[in-house]
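Below is model.cif, which holds mmCIF, C-alpha atoms and all ligand atoms.
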```cif
data_upload
loop_
_atom_site.label_atom_id
_atom_site.label_comp_id
_atom_site.auth_asym_id
_atom_site.auth_seq_id
_atom_site.Cartn_x
_atom_site.Cartn_y
_atom_site.Cartn_z
CA MET A 1 65.42 -60.21 35.14
CA SER A 2 64.34 -56.99 33.43
CA LEU A 3 64.75 -58.67 30.02
CA ARG A 4 62.41 -61.47 31.11
CA HIS A 5 59.85 -58.87 32.19
CA ASP A 6 60.06 -57.04 28.87
CA MET A 7 59.64 -60.25 26.91
CA ALA A 8 56.65 -61.38 28.96
CA ALA A 9 54.97 -57.99 28.65
CA ALA A 10 55.61 -57.84 24.92
CA SER A 11 54.16 -61.31 24.31
CA LEU A 12 50.87 -60.64 26.13
CA THR A 13 48.21 -59.25 23.80
CA PRO A 14 45.16 -58.37 25.88
CA LEU A 15 41.64 -58.74 24.58
CA PRO A 16 40.09 -55.35 23.83
CA HIS A 17 36.76 -56.56 25.24
CA LEU A 18 35.77 -59.33 27.61
CA THR A 19 32.36 -60.29 28.94
CA THR A 20 31.16 -62.30 31.93
CA ALA A 21 27.60 -63.29 32.87
CA ARG A 22 26.86 -59.82 34.25
CA LEU A 23 29.74 -57.58 33.15
CA ARG A 24 31.41 -56.01 30.16
CA LEU A 25 35.12 -55.18 30.43
CA ARG A 26 36.67 -52.59 28.11
CA PRO A 27 39.86 -50.49 28.12
CA ALA A 28 39.85 -47.38 30.33
CA GLN A 29 40.01 -44.13 28.34
CA PRO A 30 40.47 -40.43 29.29
CA ALA A 31 36.90 -39.83 28.03
CA ASP A 32 35.64 -41.84 31.03
CA ALA A 33 36.80 -39.17 33.50
CA ASP A 34 33.37 -37.63 34.18
CA ALA A 35 31.73 -41.00 34.77
CA LEU A 36 34.49 -42.32 37.03
CA PHE A 37 34.65 -39.07 39.00
CA SER A 38 30.89 -39.37 39.69
CA ALA A 39 31.04 -43.11 40.36
CA TYR A 40 33.89 -43.52 42.86
CA THR A 41 37.24 -41.71 42.48
CA THR A 42 36.24 -39.06 45.09
CA ASP A 43 34.89 -41.61 47.62
CA PRO A 44 37.12 -41.96 50.73
CA GLU A 45 35.53 -45.35 51.61
CA VAL A 46 36.45 -46.70 48.18
CA ALA A 47 39.97 -45.25 48.31
CA ARG A 48 40.65 -46.36 51.92
CA PHE A 49 42.86 -49.37 51.09
CA MET A 50 44.12 -48.10 47.74
CA VAL A 51 47.53 -46.60 46.91
CA TRP A 52 45.85 -43.32 45.85
CA ARG A 53 44.06 -40.60 47.80
CA PRO A 54 40.46 -39.65 46.94
CA HIS A 55 40.49 -37.35 43.93
CA ARG A 56 39.56 -33.72 44.58
CA THR A 57 39.36 -32.58 40.95
CA ILE A 58 38.26 -34.25 37.76
CA GLU A 59 41.72 -33.45 36.35
CA GLU A 60 43.19 -36.05 38.75
CA THR A 61 40.81 -38.67 37.39
CA ARG A 62 41.64 -37.65 33.82
CA ALA A 63 45.39 -37.89 34.53
CA TYR A 64 44.90 -41.39 35.99
CA LEU A 65 42.95 -42.45 32.88
CA ARG A 66 45.60 -40.97 30.59
CA ALA A 67 48.23 -43.02 32.43
CA CYS A 68 46.03 -46.12 31.99
CA ALA A 69 45.85 -45.53 28.23
CA ASP A 70 49.61 -44.88 27.98
CA GLN A 71 50.45 -48.00 30.01
CA TRP A 72 48.10 -50.12 27.90
CA ALA A 73 49.78 -48.89 24.70
CA ALA A 74 53.22 -49.62 26.20
CA GLY A 75 52.18 -53.13 27.34
CA ILE A 76 52.95 -52.28 30.98
CA CYS A 77 49.49 -52.53 32.53
CA PHE A 78 46.06 -53.27 31.07
CA THR A 79 43.26 -51.44 32.91
CA TYR A 80 39.70 -52.40 32.05
CA LEU A 81 36.59 -50.56 33.19
CA LEU A 82 33.64 -52.65 34.32
CA GLU A 83 30.11 -52.00 33.11
CA GLU A 84 26.98 -53.92 34.01
CA MET A 85 25.30 -55.66 31.05
CA ASP A 86 21.98 -53.98 31.63
CA ARG A 87 23.23 -50.50 32.62
CA ALA A 88 25.51 -48.01 30.85
CA GLY A 89 28.43 -46.35 32.63
CA PRO A 90 31.51 -47.70 34.39
CA ILE A 91 31.15 -49.03 37.96
CA GLY A 92 34.76 -50.02 38.59
CA ALA A 93 38.11 -51.06 37.20
CA ILE A 94 40.36 -54.10 37.11
CA ALA A 95 44.01 -53.94 36.05
CA LEU A 96 46.27 -56.73 34.82
CA ARG A 97 50.01 -56.10 35.02
CA PRO A 98 52.36 -58.67 33.46
CA GLU A 99 55.31 -59.41 35.80
CA GLY A 100 57.59 -61.99 34.19
CA THR A 101 55.63 -65.27 34.16
CA SER A 102 52.92 -63.84 36.46
CA ALA A 103 49.90 -61.60 35.96
CA ASP A 104 49.38 -59.21 38.85
CA PHE A 105 45.83 -57.90 39.45
CA GLY A 106 44.38 -54.81 41.12
CA TYR A 107 40.72 -53.77 41.30
CA VAL A 108 38.21 -51.25 42.60
CA LEU A 109 34.43 -50.96 42.57
CA ALA A 110 31.99 -48.09 43.25
CA ARG A 111 30.31 -48.45 46.64
CA ALA A 112 26.85 -48.72 45.05
CA ALA A 113 27.98 -51.96 43.35
CA TRP A 114 29.51 -53.69 46.39
CA GLY A 115 28.15 -56.94 47.78
CA GLN A 116 26.86 -58.59 44.58
CA GLY A 117 29.89 -60.71 43.80
CA LEU A 118 30.74 -58.62 40.76
CA MET A 119 34.47 -58.26 41.38
CA PRO A 120 35.05 -62.00 42.01
CA GLU A 121 33.28 -62.57 38.68
CA ALA A 122 35.57 -60.11 36.86
CA LEU A 123 38.74 -61.38 38.58
CA ARG A 124 37.93 -65.01 37.80
CA ALA A 125 37.27 -64.25 34.13
CA LEU A 126 40.41 -62.15 33.64
CA GLY A 127 42.44 -64.66 35.66
CA ASP A 128 41.16 -67.51 33.46
CA TRP A 129 42.16 -65.55 30.39
CA ALA A 130 45.62 -64.66 31.74
CA LEU A 131 46.43 -68.24 32.80
CA ALA A 132 45.52 -69.46 29.31
CA GLN A 133 48.14 -67.17 27.73
CA GLU A 134 51.51 -68.51 26.69
CA GLY A 135 54.17 -67.65 29.26
CA ILE A 136 51.75 -66.84 32.11
CA TRP A 137 51.68 -69.38 34.92
CA ARG A 138 50.51 -67.46 37.94
CA ALA A 139 47.69 -64.97 38.67
CA VAL A 140 48.52 -62.98 41.78
CA ALA A 141 47.07 -60.15 43.88
CA THR A 142 47.63 -58.58 47.27
CA CYS A 143 45.54 -56.59 49.73
CA ASP A 144 46.05 -54.72 52.98
CA VAL A 145 45.79 -57.09 55.96
CA ALA A 146 42.75 -55.11 57.15
CA ASN A 147 40.92 -55.31 53.81
CA ARG A 148 38.69 -58.33 54.46
CA ALA A 149 36.40 -57.61 51.50
CA SER A 150 39.31 -57.76 49.06
CA ALA A 151 40.66 -60.97 50.63
CA ARG A 152 37.23 -62.53 50.06
CA VAL A 153 37.26 -61.40 46.42
CA MET A 154 40.50 -63.28 45.83
CA GLU A 155 39.26 -66.40 47.64
CA LYS A 156 36.00 -66.36 45.67
CA ALA A 157 37.97 -65.96 42.43
CA GLY A 158 39.84 -69.19 43.16
CA MET A 159 43.08 -67.74 44.51
CA ARG A 160 44.85 -69.28 47.51
CA PHE A 161 46.35 -67.45 50.47
CA GLU A 162 50.15 -67.72 50.32
CA GLY A 163 51.21 -65.57 53.25
CA VAL A 164 51.74 -62.07 54.55
CA LEU A 165 54.16 -59.71 52.81
CA ARG A 166 55.43 -57.55 55.64
CA ARG A 167 55.68 -53.80 55.09
CA HIS A 168 54.81 -54.33 51.42
CA THR A 169 52.69 -51.39 50.23
CA ILE A 170 51.96 -47.83 51.34
CA HIS A 171 48.23 -47.22 51.70
CA PRO A 172 48.38 -43.47 52.34
CA ASN A 173 44.78 -43.12 53.51
CA ILE A 174 45.61 -45.32 56.51
CA GLN A 175 49.20 -44.43 57.39
CA PRO A 176 52.32 -43.10 55.64
CA GLU A 177 54.45 -46.20 56.38
CA PRO A 178 54.27 -49.39 54.26
CA ARG A 179 51.70 -51.85 55.57
CA ASP A 180 51.56 -55.63 55.75
CA CYS A 181 49.65 -57.22 52.85
CA ARG A 182 48.08 -60.62 52.25
CA LEU A 183 49.30 -62.43 49.13
CA TYR A 184 46.96 -64.64 47.08
CA ALA A 185 47.63 -66.57 43.88
CA ARG A 186 46.14 -69.04 41.44
CA VAL A 187 48.42 -71.06 39.18
CA ARG A 188 47.86 -73.10 36.04
CA GLY A 189 46.19 -76.36 36.94
CA ASP A 190 44.54 -75.10 40.16
C1 LIG A 201 36.94 -55.18 47.55
C2 LIG A 201 35.79 -54.97 46.58
C3 LIG A 201 36.36 -54.90 45.18
C4 LIG A 201 34.81 -56.13 46.70
O1 LIG A 201 34.04 -56.27 45.51
P1 LIG A 201 32.55 -56.88 45.55
O2 LIG A 201 32.12 -57.09 44.15
O3 LIG A 201 31.71 -56.05 46.42
O4 LIG A 201 32.83 -58.29 46.24
P2 LIG A 201 31.74 -59.29 46.88
O5 LIG A 201 30.36 -58.85 46.55
O6 LIG A 201 32.16 -60.66 46.49
O7 LIG A 201 31.97 -59.11 48.42
C5 LIG A 201 33.24 -59.43 48.98
C6 LIG A 201 33.20 -59.11 50.45
O8 LIG A 201 32.96 -57.74 50.61
C7 LIG A 201 32.26 -57.53 51.86
N1 LIG A 201 31.05 -56.77 51.56
C8 LIG A 201 29.97 -57.16 50.86
N2 LIG A 201 29.07 -56.17 50.80
C9 LIG A 201 29.61 -55.13 51.44
C10 LIG A 201 29.16 -53.82 51.71
N3 LIG A 201 27.99 -53.37 51.28
N4 LIG A 201 29.99 -53.00 52.40
C11 LIG A 201 31.19 -53.41 52.81
N5 LIG A 201 31.66 -54.65 52.58
C12 LIG A 201 30.88 -55.50 51.91
C13 LIG A 201 31.96 -58.89 52.43
O9 LIG A 201 33.00 -59.18 53.35
C14 LIG A 201 32.10 -59.79 51.23
O10 LIG A 201 32.49 -61.08 51.58
P3 LIG A 201 31.37 -62.26 51.64
O11 LIG A 201 30.93 -62.49 50.26
O12 LIG A 201 32.11 -63.41 52.22
O13 LIG A 201 30.24 -61.74 52.51
C15 LIG A 201 35.04 -53.67 46.89
O14 LIG A 201 34.62 -53.73 48.23
C16 LIG A 201 35.88 -52.43 46.69
O15 LIG A 201 36.01 -51.94 45.58
N6 LIG A 201 36.47 -51.91 47.78
C17 LIG A 201 37.27 -50.68 47.71
C18 LIG A 201 38.50 -50.82 46.85
C19 LIG A 201 39.40 -51.95 47.30
O16 LIG A 201 39.58 -52.18 48.49
N7 LIG A 201 39.98 -52.64 46.30
C20 LIG A 201 40.89 -53.73 46.55
C21 LIG A 201 42.25 -53.25 46.86
S1 LIG A 201 43.35 -54.64 47.17
#
```
Would you put the structure from the file into C-alpha cells?
Amino acid sequence: MSLRHDMAAASLTPLPHLTTARLRLRPAQPADADALFSAYTTDPEVARFMVWRPHRTIEETRAYLRACADQWAAGICFTYLLEEMDRAGPIGAIALRPEGTSADFGYVLARAAWGQGLMPEALRALGDWALAQEGIWRAVATCDVANRASARVMEKAGMRFEGVLRRHTIHPNIQPEPRDCRLYARVRGD
C-alpha cells in the first residue's frame, strides 16, 4: 500500500502555474507570509472548520508556508495560492495531495473573497488537471458535516456526495474530538 502511494506521488508532476477565467494559481512560498497573515490566517471565521487554529503570530504562517514548500519539493502535497487576475496578492489556497490513484483536495479563501464562486472555479480546474494525469482516477475532498459552504463548493465543482465518514477529522476550533465529515468525489468519465 505504501509503495503504491510512493509511486503515485512520484509520477505526478504538478504544473507550476495554472490559470482559470478569474484566477491565477501558483506555488505557496515562505515569502507569502505577510500577505497571507493579513488576508486570512488570523481569521477565526475562516479557520472555523479547518484542522488548524487561527494564527497568532506571523511566524506560524511562515512555518505553514515552509511546510508547504517542503511538501511540494518532496511530492507529498502541492499547495497553490490563489490570486485574482486583476488584483495582486493571495486571497486563498488550494492543496492537492496524491493518495494512491486519488487526488485529495483541501482549500481555504479569505472572507473578503467569499460568495463569488471563486473556489468552485479553482477546484474544478485543478480537479480537471488531476484527472487528466496518468494514474489518477479520482478527485476527492471532505468537509465537516456543518460546513455547508464547503459542501456547495464540491457540488459546484462537479463532485458527488458519497456519504458521511464518521468521526473522521478533528476540527479543533469546534471540539477536540474527531467530527463526522461529508465525502465528495469526481472520477474519470463523470
Ligand atoms: C468554503 C469556501 C472555500 C467557499 O468558497 P467560495 O468561493 O466563497 O464559494 P462560493 O462562492 O461558491 O459559495 C459557496 C457557498 O458558500 C456560502 N456563502 C456564499 N457567500 C457567503 C458569505 N458571504 N458568507 C458565508 N457563506 C457564504 C453559500 O452557501 C454558497 O453556496 P451557494 O452558492 O449555493 O449560495 C469559503 O467559504 C471558505 O474559505 N471558508 C472557510 C474555510 C473552509 O471552510 N474551507 C473548506 C474546508 S473543508
Counting all atoms listed in the file, what are the residues, protein, DNA or RNA alike, that approach ligand LIG 201 (chain A) to within 8 Å? I want them as a ChimeraX atom specification. /A:45-50,92,106-121,141-144,147-153,156
Can you write out the residues you just picked, keeping C-alpha atoms, as a short mmCIF file (atom, residue, chain, number, x, y, z; two decimals), in the coordinates of the input?
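What landed in result.cif:
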```cif
data_model
loop_
_atom_site.label_atom_id
_atom_site.label_comp_id
_atom_site.auth_asym_id
_atom_site.auth_seq_id
_atom_site.Cartn_x
_atom_site.Cartn_y
_atom_site.Cartn_z
CA GLU A 45 35.53 -45.35 51.61
CA VAL A 46 36.45 -46.70 48.18
CA ALA A 47 39.97 -45.25 48.31
CA ARG A 48 40.65 -46.36 51.92
CA PHE A 49 42.86 -49.37 51.09
CA MET A 50 44.12 -48.10 47.74
CA GLY A 92 34.76 -50.02 38.59
CA GLY A 106 44.38 -54.81 41.12
CA TYR A 107 40.72 -53.77 41.30
CA VAL A 108 38.21 -51.25 42.60
CA LEU A 109 34.43 -50.96 42.57
CA ALA A 110 31.99 -48.09 43.25
CA ARG A 111 30.31 -48.45 46.64
CA ALA A 112 26.85 -48.72 45.05
CA ALA A 113 27.98 -51.96 43.35
CA TRP A 114 29.51 -53.69 46.39
CA GLY A 115 28.15 -56.94 47.78
CA GLN A 116 26.86 -58.59 44.58
CA GLY A 117 29.89 -60.71 43.80
CA LEU A 118 30.74 -58.62 40.76
CA MET A 119 34.47 -58.26 41.38
CA PRO A 120 35.05 -62.00 42.01
CA GLU A 121 33.28 -62.57 38.68
CA ALA A 141 47.07 -60.15 43.88
CA THR A 142 47.63 -58.58 47.27
CA CYS A 143 45.54 -56.59 49.73
CA ASP A 144 46.05 -54.72 52.98
CA ASN A 147 40.92 -55.31 53.81
CA ARG A 148 38.69 -58.33 54.46
CA ALA A 149 36.40 -57.61 51.50
CA SER A 150 39.31 -57.76 49.06
CA ALA A 151 40.66 -60.97 50.63
CA ARG A 152 37.23 -62.53 50.06
CA VAL A 153 37.26 -61.40 46.42
CA LYS A 156 36.00 -66.36 45.67
#
```
Shell of 7 Å around range 56-58 of chain A, all atoms listed in the file, local chain residues under 5 positions omitted, as a ChimeraX atom specification: /A:33-34,37,42
Suppose we keep C-alpha atoms; can you now write the selection as a PDB file, in the frame of the given file?
```
ATOM      1  CA  ALA A  33      36.800 -39.170  33.500  1.00  0.00           C
ATOM      2  CA  ASP A  34      33.370 -37.630  34.180  1.00  0.00           C
ATOM      3  CA  PHE A  37      34.650 -39.070  39.000  1.00  0.00           C
ATOM      4  CA  THR A  42      36.240 -39.060  45.090  1.00  0.00           C
TER       5      THR A  42
END
```
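Residue nearest Thr13 in chain A within the list A:Tyr80, A:Phe161, A:Trp137, A:Trp72: A:Trp72 [criterion: smallest interatomic distance, all atoms listed in the file].
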Could you give me, as a ChimeraX atom specification, the residues that sit within 10 Å of (47.2, -59.9, 26.7) in the file's coordinates, counting all atoms listed in the file? /A:8-16,72,75,77-78,96-98,103,126,129-130,133-134,136
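Reported to one decimal place, the separation of CA of Tyr184 in chain A from CA of Tyr64 in chain A is 25.8 Å.
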Starting from the point (28.1, -44.0, 33.8), work out which residues of protein, DNA or RNA have an atom no more than 9 Å away when counting all atoms listed in the file; state them as number ranges by chain. A: 32, 34-36, 38-39, 83, 87-91
Need the shell around Val51 in chain A: protein/DNA/RNA residues with any atom at most 8 Å away, counting only C-alpha atoms. Skip same-chain ones fewer than 2 positions apart. Format as number ranges by chain? A: 47, 49, 53, 169-173
So what do you get for CA of Arg179 in chain A versus CA of Trp52 in chain A, distance-wise?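 Result for CA of Arg179 in chain A versus CA of Trp52 in chain A: 14.2 Å, one decimal.
Closest approach to Gln29 in chain A among A:Thr41, A:Ile76, A:Leu81, A:Glu60 is made by A:Leu81 (distances from all atoms listed in the file).
Of note, CA of Glu59 in chain A and CA of Leu82 in chain A are spaced 20.9 Å apart.
Those residues that approach Asp86 in chain A to within 10 Å, counting all atoms listed in the file, are Arg22, Leu23 and Arg24 of chain A; same-chain residues fewer than 4 positions away are not listed.
Minimum distance to Gly127 in chain A across A:Asp190, A:Asp180, A:Asp70, A:Glu84 (counting only C-alpha atoms) occurs at A:Asp190.
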Hey, could you patch up range 31-64 of chain A with N, CA and C atoms and hand it over as a compact mmCIF listing (two decimals), in the frame of the given file?
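Final output, out-v6.txt:
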```txt
# COMPACT_ATOMS: atom_id res chain seq x y z
N ALA A 31 38.28 -40.30 28.18
CA ALA A 31 36.90 -39.83 28.03
C ALA A 31 35.98 -40.35 29.13
N ASP A 32 36.45 -41.30 29.93
CA ASP A 32 35.64 -41.84 31.03
C ASP A 32 35.76 -41.02 32.32
N ALA A 33 36.51 -39.91 32.27
CA ALA A 33 36.80 -39.17 33.50
C ALA A 33 35.54 -38.71 34.23
N ASP A 34 34.60 -38.12 33.52
CA ASP A 34 33.37 -37.63 34.18
C ASP A 34 32.65 -38.76 34.90
N ALA A 35 32.49 -39.88 34.20
CA ALA A 35 31.73 -41.00 34.77
C ALA A 35 32.44 -41.59 35.98
N LEU A 36 33.75 -41.73 35.90
CA LEU A 36 34.49 -42.32 37.03
C LEU A 36 34.52 -41.38 38.23
N PHE A 37 34.64 -40.07 37.93
CA PHE A 37 34.65 -39.07 39.00
C PHE A 37 33.31 -39.13 39.75
N SER A 38 32.21 -39.27 39.03
CA SER A 38 30.89 -39.37 39.69
C SER A 38 30.73 -40.71 40.40
N ALA A 39 31.30 -41.76 39.83
CA ALA A 39 31.04 -43.11 40.36
C ALA A 39 31.83 -43.42 41.63
N TYR A 40 33.14 -43.09 41.67
CA TYR A 40 33.89 -43.52 42.86
C TYR A 40 35.23 -42.85 43.15
N THR A 41 35.85 -42.14 42.20
CA THR A 41 37.24 -41.71 42.48
C THR A 41 37.33 -40.68 43.62
N THR A 42 36.21 -40.04 43.98
CA THR A 42 36.24 -39.06 45.09
C THR A 42 35.88 -39.71 46.42
N ASP A 43 35.47 -40.98 46.43
CA ASP A 43 34.89 -41.61 47.62
C ASP A 43 35.97 -42.13 48.58
N PRO A 44 36.07 -41.54 49.79
CA PRO A 44 37.12 -41.96 50.73
C PRO A 44 36.97 -43.42 51.18
N GLU A 45 35.74 -43.94 51.22
CA GLU A 45 35.53 -45.35 51.61
C GLU A 45 36.09 -46.29 50.54
N VAL A 46 35.93 -45.90 49.28
CA VAL A 46 36.45 -46.70 48.18
C VAL A 46 37.98 -46.64 48.16
N ALA A 47 38.52 -45.45 48.41
CA ALA A 47 39.97 -45.25 48.31
C ALA A 47 40.73 -45.77 49.53
N ARG A 48 40.03 -46.08 50.62
CA ARG A 48 40.65 -46.36 51.92
C ARG A 48 41.87 -47.28 51.85
N PHE A 49 41.76 -48.40 51.14
CA PHE A 49 42.86 -49.37 51.09
C PHE A 49 43.63 -49.31 49.77
N MET A 50 43.44 -48.22 49.03
CA MET A 50 44.12 -48.10 47.74
C MET A 50 45.42 -47.34 47.91
N VAL A 51 46.24 -47.32 46.84
CA VAL A 51 47.53 -46.60 46.91
C VAL A 51 47.35 -45.13 46.56
N TRP A 52 46.13 -44.72 46.21
CA TRP A 52 45.85 -43.32 45.85
C TRP A 52 44.91 -42.68 46.88
N ARG A 53 44.98 -41.35 46.94
CA ARG A 53 44.06 -40.60 47.80
C ARG A 53 42.81 -40.26 47.01
N PRO A 54 41.68 -40.03 47.69
CA PRO A 54 40.46 -39.65 46.94
C PRO A 54 40.74 -38.43 46.06
N HIS A 55 40.24 -38.47 44.85
CA HIS A 55 40.49 -37.35 43.93
C HIS A 55 39.66 -36.13 44.36
N ARG A 56 40.28 -34.96 44.25
CA ARG A 56 39.56 -33.72 44.58
C ARG A 56 39.08 -33.01 43.32
N THR A 57 39.77 -33.23 42.21
CA THR A 57 39.36 -32.58 40.95
C THR A 57 39.26 -33.64 39.86
N ILE A 58 38.44 -33.31 38.88
CA ILE A 58 38.26 -34.25 37.76
C ILE A 58 39.56 -34.40 36.97
N GLU A 59 40.44 -33.39 37.06
CA GLU A 59 41.72 -33.45 36.35
C GLU A 59 42.56 -34.62 36.88
N GLU A 60 42.45 -34.91 38.19
CA GLU A 60 43.19 -36.05 38.75
C GLU A 60 42.69 -37.36 38.14
N THR A 61 41.38 -37.46 37.98
CA THR A 61 40.81 -38.67 37.39
C THR A 61 41.22 -38.78 35.92
N ARG A 62 41.23 -37.65 35.23
CA ARG A 62 41.64 -37.65 33.82
C ARG A 62 43.11 -38.06 33.68
N ALA A 63 43.96 -37.55 34.59
CA ALA A 63 45.39 -37.89 34.53
C ALA A 63 45.59 -39.39 34.77
N TYR A 64 44.83 -39.94 35.73
CA TYR A 64 44.90 -41.39 35.99
C TYR A 64 44.50 -42.17 34.73
```
